[in-house]
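Peer 1: The following block contains the structure, expressed as structure tokens.
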Amino acid sequence: MNNIFKKFPFTITLNGGFSGSWFASGAKSSGYSPVDGRVLPEVTVNTSDDLGRIVTQCHETFPVWRKVPAPARGQIVREYGEEIRKYKEPLAQIITMEMGKPMRESLGEVQEVIDICDFAVGLSRQIGGPSLPSERKSHRMFEQWHPLGTIGVISAFNFPMAVWAWNMAIGMICGNTVLWKPSSKTPICAIVLTRIMEEILRKNNLPTAICSLVTGSGAAIGNMISSDERISMVSYTGSTNIGRQLGKIVQERFGKLILELGGNNASIVTSNADIDIALRSIYFGALGTAGQRCTSTRRVIIHEKIYDQLLSKLTDTYRKVKIGDPFESKNFLGPLVDRSAVKAMQNALVQVRKEGGKILYGGEKLSEKGGCYITPAIVVVSGNLPVVKEETFAPILYVMKFRELDEAISIHNDVPQGLSSSIITNNICESERFISECGSDCGIANVNTTTNGAEIGGAFGGEKATGGGRESGSDSWKGYMRRQTCTINYSGTIELAQGIQLDF
Ligand code: UN1
């Protein structure tokens, strides 16, 4: 890791907290790399007292930042994106080292950081509301959007850079200060990204606490962020269970929330599917990031006519998948993030067997260094068994059969989560039904492509137990601002709405 740090033109100290300066008074902790089990550099994490100080700084910086015109805020984000472009390779290496995703995907993740910065720069000249007809003469009514304050971004290990970047880039151009609590599995990614932002803000004579960082225990710090009234909005990406708890705390104080929780994404493959497209979509959907994306394909619902053919091709492809060191480009599947993820995968497989599922392939722990490598599993199930309804963050693909499309759609929707979905078909009626109001109940519904790998330009998020939040593109920026409806009377007299007369 120290060799990677040398590629940056500044020193990187691993004090996990930043708000104008780097500090951390908690314990020193060091993780291990899932790539080979080597111990990662020690990070000093924050205490709850540190957090209090960081929130104060970040919050007190807000009045300065909100007065910077939005397009000028966009220029800061533009400069940041340009800096990230320069360090794409070492940043990707840090991701791979810290959480184990293959380099090709880490490079993709850094690209996502760059893309959202570009998107936010354009957006910084577009955030605004409509002008609306007033029912009163010589009155003008319109909507405008104001910054919220400090936003707390609690992100997960699986996208240790991109998910923060979605929130940071949009949050910053909207005029908010941003406090980031990364996953405790990936503090180094967060320290380096924040360090780059510090340089940009300093160069522009802006208070560096605009983008602050806190590391440490997820439970303690997450709860504190959620209950702190000075944090106007909490954007949480992670499990449905934690999201439910944090959501209640934020809601209790009427804070704003963006929840990006579990997915249980399925692809329906109909008898009119191009089998090769189905195979490739499922392959990347289920195996990308070793099944550790919120959008990973976890279930495949296959028409009975092509079931045997597709399943046998899928199993053959799984047999051939190259598993190993994620720094080596020949390998498609890297390790899981840590040994507890391996355990969780094995537990789910034991459970599904008990519930009547049949493991067709995989699920073995491999002997590679670090103890985090597994073979991906294909499991045949009769439907949404209890364990199938849960999100296991691992490459387990549950396969089911259907006869009628309506039946497939109802199997598809019969899970608590509602993030992403896809249908593989060349029949326009089938695809239209799938994306209609009677089709997929997910926030993302794709045709002839993967459930994962969403572009930053679209709104990202899902329904039901996925939490309902939207981040990234389209009009997701509205979640980062407060709306104000204004009525201006230039009539020279007073007229009330709804025809109400004054009696004097
Ligand atoms: C996530 O897993 O939390 O759609 C984010 C994708 C990525 C983002 C996933 N662009 O797979």
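We label chains A, B, ... in the order they appear in the structure tokens, count residues from 1 in each chain, and number ligands from 1 in the order shown.
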Show which residues sit within 10 Å of Ile116 of chain A, as a ChimeraX atom specification. Count only C-alpha atoms, and ignore same-chain residues fewer than 3 positions away.

Peer 2: /A:77-78,81,111-113,119-121,162-163,165-170,455-457,472-473

Peer 1: Neighbours of ligand 1 at 6 Å or closer, counting only C-alpha atoms and all ligand atoms: which residues, as a list in words?

Peer 2: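 The residues within 6 Å of ligand 1, counting only C-alpha atoms and all ligand atoms, are Arg293, Cys294, Thr295, Asn452, Gly453, Ala454 and Glu455 of chain A.
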
Peer 1: So that I can check the surroundings of His139 of chain A, please list as an MDAnalysis selection string every protein, DNA and RNA residue that reaches within 10 Å of it, counting only C-alpha atoms and ignoring chain neighbours fewer than 4 positions away.

Peer 2: chainID A and resid 133:135 487:491 495

Peer 1: Wanna dump the segment 212-277 of chain A-segment 444-447 of chain A contacts at 10 Å for me, each residue with its shortest atom pair and the distance in Å to one decimal, counting only C-alpha atoms, ordered by chain and number, as a tab-separated table?

Peer 2:
residue	atom	partner	partner_atom	distance
A:Asn265	CA	A:Ile444	CA	9.6
A:Ala266	CA	A:Ala445	CA	9.9
A:Ser267	CA	A:Asn446	CA	9.0
A:Ile268	CA	A:Val447	CA	9.6

Peer 1: Hey, what's within 12 Å of Ile221 of chain A if we count only C-alpha atoms and toss same-chain stuff fewer than 6 positions away? As a list in words, please?

Peer 2: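 What passes the distance filter is Val45, Asn46, Thr47, Ser48, Asp49, Asp50, Leu51, Gly52, Ile54, Val55, Gly152, Val153, Ile154, Leu179, Trp180, Lys181, Pro182, Ser183, Ser184, Leu213, Val214, Thr215, Ser227, Asp228 and Leu246 of chain A.
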
Peer 1: If we count only C-alpha atoms and set the cut-off at 8 Å, which residues sit around segment 411-413 of chain A, ignoring sequence neighbours fewer than 4 positions away in its own chain? Please answer as a PDB file with all heavy atoms, in the first residue's frame.

Peer 2:
ATOM      1  N   ALA A 266     -33.532  -9.868  -9.728  1.00  0.00           N
ATOM      2  CA  ALA A 266     -33.727 -11.058 -10.560  1.00  0.00           C
ATOM      3  C   ALA A 266     -33.715 -10.690 -12.038  1.00  0.00           C
ATOM      4  O   ALA A 266     -34.048  -9.571 -12.417  1.00  0.00           O
ATOM      5  CB  ALA A 266     -35.060 -11.708 -10.205  1.00  0.00           C
ATOM      6  N   ILE A 268     -35.486 -12.213 -15.474  1.00  0.00           N
ATOM      7  CA  ILE A 268     -36.418 -13.179 -16.058  1.00  0.00           C
ATOM      8  C   ILE A 268     -35.910 -13.473 -17.468  1.00  0.00           C
ATOM      9  O   ILE A 268     -35.654 -12.534 -18.242  1.00  0.00           O
ATOM     10  CB  ILE A 268     -37.848 -12.599 -16.114  1.00  0.00           C
ATOM     11  CG1 ILE A 268     -38.384 -12.354 -14.696  1.00  0.00           C
ATOM     12  CG2 ILE A 268     -38.773 -13.510 -16.915  1.00  0.00           C
ATOM     13  CD1 ILE A 268     -39.763 -11.706 -14.649  1.00  0.00           C
ATOM     14  N   ILE A 301     -35.048 -16.373 -13.247  1.00  0.00           N
ATOM     15  CA  ILE A 301     -36.333 -17.049 -13.414  1.00  0.00           C
ATOM     16  C   ILE A 301     -36.432 -17.379 -14.911  1.00  0.00           C
ATOM     17  O   ILE A 301     -36.556 -16.487 -15.749  1.00  0.00           O
ATOM     18  CB  ILE A 301     -37.479 -16.117 -12.942  1.00  0.00           C
ATOM     19  CG1 ILE A 301     -37.175 -15.615 -11.508  1.00  0.00           C
ATOM     20  CG2 ILE A 301     -38.829 -16.822 -12.991  1.00  0.00           C
ATOM     21  CD1 ILE A 301     -37.943 -14.361 -11.106  1.00  0.00           C
ATOM     22  N   GLY A 383     -38.737 -21.944  -5.675  1.00  0.00           N
ATOM     23  CA  GLY A 383     -39.368 -20.619  -5.629  1.00  0.00           C
ATOM     24  C   GLY A 383     -38.634 -19.782  -4.605  1.00  0.00           C
ATOM     25  O   GLY A 383     -37.496 -20.106  -4.236  1.00  0.00           O
ATOM     26  N   ASN A 384     -39.291 -18.724  -4.133  1.00  0.00           N
ATOM     27  CA  ASN A 384     -38.629 -17.846  -3.169  1.00  0.00           C
ATOM     28  C   ASN A 384     -38.680 -18.449  -1.763  1.00  0.00           C
ATOM     29  O   ASN A 384     -39.500 -18.073  -0.938  1.00  0.00           O
ATOM     30  CB  ASN A 384     -39.287 -16.470  -3.165  1.00  0.00           C
ATOM     31  CG  ASN A 384     -39.124 -15.762  -4.491  1.00  0.00           C
ATOM     32  OD1 ASN A 384     -38.033 -15.717  -5.056  1.00  0.00           O
ATOM     33  ND2 ASN A 384     -40.215 -15.215  -5.001  1.00  0.00           N
ATOM     34  N   GLU A 407     -46.737 -15.359 -14.117  1.00  0.00           N
ATOM     35  CA  GLU A 407     -46.231 -16.152 -12.998  1.00  0.00           C
ATOM     36  C   GLU A 407     -44.784 -15.716 -12.687  1.00  0.00           C
ATOM     37  O   GLU A 407     -44.424 -15.512 -11.523  1.00  0.00           O
ATOM     38  CB  GLU A 407     -46.266 -17.627 -13.443  1.00  0.00           C
ATOM     39  CG  GLU A 407     -45.693 -18.621 -12.482  1.00  0.00           C
ATOM     40  CD  GLU A 407     -45.355 -19.952 -13.204  1.00  0.00           C
ATOM     41  OE1 GLU A 407     -45.703 -20.117 -14.398  1.00  0.00           O
ATOM     42  OE2 GLU A 407     -44.711 -20.791 -12.556  1.00  0.00           O
ATOM     43  N   GLY A 418     -36.693  -4.228  -3.514  1.00  0.00           N
ATOM     44  CA  GLY A 418     -37.139  -3.794  -4.847  1.00  0.00           C
ATOM     45  C   GLY A 418     -36.148  -2.871  -5.528  1.00  0.00           C
ATOM     46  O   GLY A 418     -36.501  -1.786  -5.973  1.00  0.00           O
ATOM     47  N   SER A 440     -42.325  -5.284 -13.193  1.00  0.00           N
ATOM     48  CA  SER A 440     -41.328  -5.220 -12.119  1.00  0.00           C
ATOM     49  C   SER A 440     -41.663  -4.102 -11.136  1.00  0.00           C
ATOM     50  O   SER A 440     -42.025  -2.987 -11.534  1.00  0.00           O
ATOM     51  CB  SER A 440     -39.952  -4.946 -12.730  1.00  0.00           C
ATOM     52  OG  SER A 440     -39.068  -4.474 -11.738  1.00  0.00           O
ATOM     53  N   ASP A 441     -41.523  -4.407  -9.838  1.00  0.00           N
ATOM     54  CA  ASP A 441     -41.810  -3.379  -8.827  1.00  0.00           C
ATOM     55  C   ASP A 441     -40.526  -2.695  -8.332  1.00  0.00           C
ATOM     56  O   ASP A 441     -40.502  -2.119  -7.253  1.00  0.00           O
ATOM     57  CB  ASP A 441     -42.573  -4.006  -7.652  1.00  0.00           C
ATOM     58  CG  ASP A 441     -41.780  -5.109  -6.962  1.00  0.00           C
ATOM     59  OD1 ASP A 441     -40.616  -5.347  -7.352  1.00  0.00           O
ATOM     60  OD2 ASP A 441     -42.310  -5.729  -6.019  1.00  0.00           O
TER      61      ASP A 441
END

Peer 1: Hey, what's within 12 Å of segment 61-63 of chain A if we count only C-alpha atoms and toss same-chain stuff fewer than 3 positions away? As a short mmCIF file (atom, residue, chain, number, x, y, z; two decimals) with all heavy atoms, in the first residue's frame, please?

Peer 2:
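File out01.cif, as written:
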data_model
loop_
_atom_site.label_atom_id
_atom_site.label_comp_id
_atom_site.auth_asym_id
_atom_site.auth_seq_id
_atom_site.Cartn_x
_atom_site.Cartn_y
_atom_site.Cartn_z
N SER A 19 -11.62 17.35 9.38
CA SER A 19 -12.56 18.46 9.30
C SER A 19 -11.72 19.72 9.48
O SER A 19 -11.57 20.23 10.57
CB SER A 19 -13.62 18.34 10.40
OG SER A 19 -14.72 19.14 10.06
N GLY A 20 -11.10 20.13 8.40
CA GLY A 20 -10.17 21.26 8.48
C GLY A 20 -8.76 20.80 8.81
O GLY A 20 -7.79 21.37 8.33
N ILE A 54 -15.99 17.14 14.70
CA ILE A 54 -16.06 17.13 13.23
C ILE A 54 -17.41 17.69 12.76
O ILE A 54 -17.47 18.52 11.85
CB ILE A 54 -15.84 15.69 12.70
CG1 ILE A 54 -14.39 15.27 12.96
CG2 ILE A 54 -16.16 15.60 11.21
CD1 ILE A 54 -14.09 13.79 12.73
N VAL A 55 -18.48 17.28 13.42
CA VAL A 55 -19.80 17.78 13.00
C VAL A 55 -19.86 19.30 13.22
O VAL A 55 -20.36 20.04 12.36
CB VAL A 55 -20.95 17.08 13.78
CG1 VAL A 55 -22.31 17.67 13.39
CG2 VAL A 55 -20.96 15.58 13.51
N THR A 56 -19.30 19.77 14.33
CA THR A 56 -19.32 21.21 14.58
C THR A 56 -18.62 21.97 13.45
O THR A 56 -19.16 22.92 12.89
CB THR A 56 -18.62 21.52 15.94
OG1 THR A 56 -19.32 20.80 16.95
CG2 THR A 56 -18.63 23.00 16.26
N GLN A 57 -17.44 21.50 13.09
CA GLN A 57 -16.67 22.18 12.01
C GLN A 57 -17.44 22.17 10.70
O GLN A 57 -17.55 23.18 10.01
CB GLN A 57 -15.36 21.40 11.75
CG GLN A 57 -14.37 21.45 12.86
CD GLN A 57 -13.43 22.65 12.68
OE1 GLN A 57 -13.64 23.47 11.79
NE2 GLN A 57 -12.45 22.75 13.55
N CYS A 58 -17.95 20.99 10.36
CA CYS A 58 -18.62 20.82 9.07
C CYS A 58 -19.88 21.69 9.03
O CYS A 58 -20.16 22.36 8.03
CB CYS A 58 -18.94 19.33 8.93
SG CYS A 58 -19.26 18.80 7.27
N ARG A 66 -22.65 27.75 1.35
CA ARG A 66 -23.95 27.97 0.67
C ARG A 66 -23.98 29.30 -0.07
O ARG A 66 -24.78 29.49 -0.97
CB ARG A 66 -25.10 27.86 1.66
CG ARG A 66 -25.26 29.04 2.59
CD ARG A 66 -26.48 28.93 3.47
NE ARG A 66 -26.34 29.84 4.61
CZ ARG A 66 -27.08 29.79 5.69
NH1 ARG A 66 -28.02 28.89 5.81
NH2 ARG A 66 -26.89 30.65 6.67
N LYS A 67 -23.10 30.23 0.32
CA LYS A 67 -23.09 31.52 -0.36
C LYS A 67 -22.25 31.52 -1.64
O LYS A 67 -22.32 32.46 -2.43
CB LYS A 67 -22.58 32.61 0.60
CG LYS A 67 -23.59 32.91 1.70
CD LYS A 67 -23.25 34.14 2.47
CE LYS A 67 -23.65 35.39 1.67
NZ LYS A 67 -23.46 36.60 2.45
N VAL A 68 -21.48 30.48 -1.83
CA VAL A 68 -20.72 30.37 -3.09
C VAL A 68 -21.74 30.03 -4.18
O VAL A 68 -22.54 29.10 -4.02
CB VAL A 68 -19.64 29.25 -2.97
CG1 VAL A 68 -18.93 29.03 -4.29
CG2 VAL A 68 -18.65 29.57 -1.84
N PRO A 147 -29.90 25.00 -0.41
CA PRO A 147 -29.10 23.94 0.22
C PRO A 147 -29.72 23.50 1.54
O PRO A 147 -30.46 24.27 2.18
CB PRO A 147 -27.75 24.61 0.48
CG PRO A 147 -27.73 25.84 -0.36
CD PRO A 147 -29.14 26.25 -0.60
N LEU A 148 -29.43 22.29 1.94
CA LEU A 148 -30.00 21.75 3.18
C LEU A 148 -29.17 22.08 4.41
O LEU A 148 -29.69 22.42 5.46
CB LEU A 148 -30.07 20.22 3.10
CG LEU A 148 -31.16 19.58 2.28
CD1 LEU A 148 -30.98 18.06 2.26
CD2 LEU A 148 -32.52 19.93 2.88
N GLY A 149 -27.86 21.92 4.32
CA GLY A 149 -26.99 22.08 5.49
C GLY A 149 -25.85 21.08 5.39
O GLY A 149 -25.27 20.91 4.31
N THR A 150 -25.60 20.37 6.47
CA THR A 150 -24.59 19.31 6.42
C THR A 150 -25.30 18.00 6.11
O THR A 150 -26.33 17.70 6.71
CB THR A 150 -23.87 19.18 7.78
OG1 THR A 150 -23.11 20.38 7.97
CG2 THR A 150 -22.94 17.99 7.83
N ILE A 151 -24.75 17.26 5.15
CA ILE A 151 -25.34 15.95 4.90
C ILE A 151 -24.37 14.85 5.36
O ILE A 151 -23.16 14.96 5.18
CB ILE A 151 -25.75 15.75 3.42
CG1 ILE A 151 -24.56 15.91 2.47
CG2 ILE A 151 -26.84 16.74 3.03
CD1 ILE A 151 -24.87 15.47 1.06
N GLY A 171 -24.26 16.59 -3.63
CA GLY A 171 -24.44 17.33 -2.38
C GLY A 171 -23.68 18.65 -2.40
O GLY A 171 -24.19 19.68 -1.95
N MET A 172 -22.47 18.62 -2.91
CA MET A 172 -21.66 19.85 -2.90
C MET A 172 -22.17 20.91 -3.87
O MET A 172 -22.24 22.07 -3.52
CB MET A 172 -20.19 19.53 -3.21
CG MET A 172 -19.40 19.21 -1.95
SD MET A 172 -17.67 18.87 -2.27
CE MET A 172 -17.00 20.48 -2.64
N CYS A 174 -25.06 21.34 -4.69
CA CYS A 174 -26.31 21.83 -4.09
C CYS A 174 -26.04 22.76 -2.90
O CYS A 174 -26.98 23.30 -2.32
CB CYS A 174 -27.19 20.67 -3.64
SG CYS A 174 -27.89 19.74 -5.02
N GLY A 175 -24.78 22.90 -2.53
CA GLY A 175 -24.43 23.87 -1.48
C GLY A 175 -24.35 23.32 -0.08
O GLY A 175 -24.32 24.08 0.90
N ASN A 176 -24.30 21.99 0.02
CA ASN A 176 -24.21 21.38 1.34
C ASN A 176 -22.76 21.08 1.71
O ASN A 176 -21.92 20.87 0.84
CB ASN A 176 -24.97 20.04 1.34
CG ASN A 176 -26.40 20.21 0.93
OD1 ASN A 176 -27.14 20.96 1.56
ND2 ASN A 176 -26.80 19.57 -0.16
N THR A 177 -22.50 21.03 3.00
CA THR A 177 -21.22 20.45 3.42
C THR A 177 -21.48 18.96 3.65
O THR A 177 -22.60 18.55 3.95
CB THR A 177 -20.68 21.14 4.68
OG1 THR A 177 -21.67 21.10 5.71
CG2 THR A 177 -20.30 22.58 4.40
N VAL A 178 -20.42 18.18 3.45
CA VAL A 178 -20.60 16.73 3.39
C VAL A 178 -19.73 16.05 4.45
O VAL A 178 -18.51 16.26 4.49
CB VAL A 178 -20.20 16.20 1.98
CG1 VAL A 178 -20.42 14.69 1.89
CG2 VAL A 178 -20.97 16.92 0.89
N LEU A 179 -20.37 15.27 5.29
CA LEU A 179 -19.62 14.50 6.28
C LEU A 179 -19.72 13.02 5.92
O LEU A 179 -20.82 12.47 5.85
CB LEU A 179 -20.20 14.73 7.68
CG LEU A 179 -19.71 13.76 8.77
CD1 LEU A 179 -18.21 13.84 8.93
CD2 LEU A 179 -20.39 14.06 10.10
N LEU A 206 -10.81 27.81 0.09
CA LEU A 206 -12.12 27.50 0.69
C LEU A 206 -11.89 26.70 1.98
O LEU A 206 -10.87 26.02 2.11
CB LEU A 206 -12.95 26.68 -0.28
CG LEU A 206 -13.57 27.47 -1.42
CD1 LEU A 206 -13.99 26.55 -2.56
CD2 LEU A 206 -14.75 28.30 -0.93
N PRO A 207 -12.83 26.76 2.91
CA PRO A 207 -12.65 25.96 4.13
C PRO A 207 -12.68 24.47 3.79
O PRO A 207 -13.61 23.99 3.13
CB PRO A 207 -13.86 26.34 4.99
CG PRO A 207 -14.65 27.32 4.22
CD PRO A 207 -14.07 27.53 2.87
N THR A 208 -11.66 23.78 4.25
CA THR A 208 -11.54 22.37 3.85
C THR A 208 -12.56 21.48 4.56
O THR A 208 -12.79 20.34 4.14
CB THR A 208 -10.11 21.85 4.12
OG1 THR A 208 -9.77 22.19 5.47
CG2 THR A 208 -9.12 22.46 3.17
N ALA A 209 -13.17 22.00 5.63
CA ALA A 209 -14.17 21.19 6.33
C ALA A 209 -15.44 21.00 5.51
O ALA A 209 -16.35 20.26 5.92
CB ALA A 209 -14.52 21.83 7.67
N ILE A 210 -15.52 21.63 4.33
CA ILE A 210 -16.68 21.42 3.45
C ILE A 210 -16.87 19.92 3.21
O ILE A 210 -17.99 19.42 3.13
CB ILE A 210 -16.47 22.17 2.11
CG1 ILE A 210 -16.60 23.68 2.34
CG2 ILE A 210 -17.46 21.70 1.04
CD1 ILE A 210 -16.15 24.53 1.16
N CYS A 211 -15.74 19.22 3.07
CA CYS A 211 -15.80 17.77 2.88
C CYS A 211 -15.09 17.11 4.05
O CYS A 211 -13.87 17.04 4.06
CB CYS A 211 -15.10 17.41 1.59
SG CYS A 211 -16.20 16.82 0.36
N SER A 212 -15.84 16.65 5.01
CA SER A 212 -15.24 16.10 6.22
C SER A 212 -15.38 14.59 6.26
O SER A 212 -16.17 14.00 5.51
CB SER A 212 -15.90 16.72 7.45
OG SER A 212 -15.68 18.11 7.46
N ARG A 230 -27.89 18.64 13.75
CA ARG A 230 -27.12 19.52 12.85
C ARG A 230 -26.88 18.85 11.49
O ARG A 230 -26.41 19.48 10.57
CB ARG A 230 -25.78 19.88 13.50
CG ARG A 230 -25.94 20.74 14.73
CD ARG A 230 -24.64 20.89 15.47
NE ARG A 230 -24.14 19.60 15.95
CZ ARG A 230 -22.94 19.41 16.51
NH1 ARG A 230 -22.14 20.44 16.67
NH2 ARG A 230 -22.57 18.21 16.91
N ILE A 231 -27.20 17.58 11.41
CA ILE A 231 -27.05 16.89 10.12
C ILE A 231 -28.42 16.82 9.46
O ILE A 231 -29.31 16.08 9.89
CB ILE A 231 -26.39 15.51 10.33
CG1 ILE A 231 -25.00 15.77 10.94
CG2 ILE A 231 -26.31 14.74 9.02
CD1 ILE A 231 -24.19 14.57 11.25
N SER A 232 -28.58 17.64 8.43
CA SER A 232 -29.91 17.85 7.87
C SER A 232 -30.42 16.65 7.09
O SER A 232 -31.62 16.43 7.00
CB SER A 232 -29.90 19.05 6.92
OG SER A 232 -29.30 20.13 7.56
#

Peer 1: As a PyMOL selection string, please: the residues near Ile249 of chain A (cut-off 9 Å, only C-alpha atoms, same-chain neighbours under 6 positions excluded).

Peer 2: chain A and resi 223+226-227+255

Peer 1: Which one is closest to Met1 of chain A: A:Cys189, A:Leu132, A:Ala24, A:Ala290? Count only C-alpha atoms.

Peer 2: A:Cys189

Peer 1: Per residue of segment 126-199 of chain A within 12 Å of segment 385-404 of chain A, note the shortest atom pair and the distance in Å to one decimal, counting only C-alpha atoms, and order the rows by chain and increasing residue number, as CSV.

Peer 2:
residue,atom,partner,partner_atom,distance
A:Ala156,CA,A:Phe393,CA,11.8
A:Phe157,CA,A:Phe393,CA,11.3
A:Asn158,CA,A:Phe393,CA,9.6

Peer 1: Would you write out those residues with all heavy atoms, as a tab-separated table (two decimals), in the first residue's frame?

Peer 2:
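Below is the file that was written, result_22.tsv:
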chain	number	residue	atom	x	y	z
A	156	ALA	N	-21.02	1.97	2.09
A	156	ALA	CA	-20.70	0.55	2.30
A	156	ALA	C	-19.34	0.21	1.68
A	156	ALA	O	-18.78	0.99	0.91
A	156	ALA	CB	-21.79	-0.30	1.68
A	157	PHE	N	-18.85	-0.99	1.99
A	157	PHE	CA	-17.51	-1.39	1.51
A	157	PHE	C	-17.49	-1.69	0.02
A	157	PHE	O	-16.45	-1.61	-0.62
A	157	PHE	CB	-17.04	-2.64	2.28
A	157	PHE	CG	-17.69	-3.90	1.78
A	157	PHE	CD1	-17.17	-4.58	0.69
A	157	PHE	CD2	-18.85	-4.40	2.37
A	157	PHE	CE1	-17.78	-5.73	0.21
A	157	PHE	CE2	-19.46	-5.54	1.90
A	157	PHE	CZ	-18.93	-6.21	0.81
A	158	ASN	N	-18.66	-2.06	-0.54
A	158	ASN	CA	-18.62	-2.63	-1.89
A	158	ASN	C	-18.36	-1.60	-2.98
A	158	ASN	O	-17.83	-1.92	-4.03
A	158	ASN	CB	-19.92	-3.40	-2.17
A	158	ASN	CG	-21.13	-2.51	-2.16
A	158	ASN	OD1	-21.14	-1.44	-1.54
A	158	ASN	ND2	-22.17	-2.92	-2.84

Peer 1: As number ranges by chain, please: every residue in segment 179-271 of chain A that DSSP puts in strand (DSSP E).

Peer 2: A: 179-181, 211-213, 231-237, 256-260, 265-269

Peer 1: Select from segment 20-135 of chain A everything DSSP, run on the backbone, classes as helix (DSSP H, G or I), then give the selection as a PyMOL selection string.

Peer 2: chain A and resi 48-66+70-86+88-99+103-123

Peer 1: Given only C-alpha atoms as the basis, pick out the residue of A:Cys117, A:Val337, A:Ile200, A:Met233 nearest to Phe159 of chain A.

Peer 2: A:Val337

Peer 1: Restricting the calculation to only C-alpha atoms: of A:Arg299, A:Lys354, A:Arg125, A:His59, which residue gets closest to Pro71 of chain A?

Peer 2: A:Arg125

Peer 1: Atom CA of Ala219 of chain A and atom CA of Gly262 of chain A are how many Å apart?

Peer 2: 17.6 Å
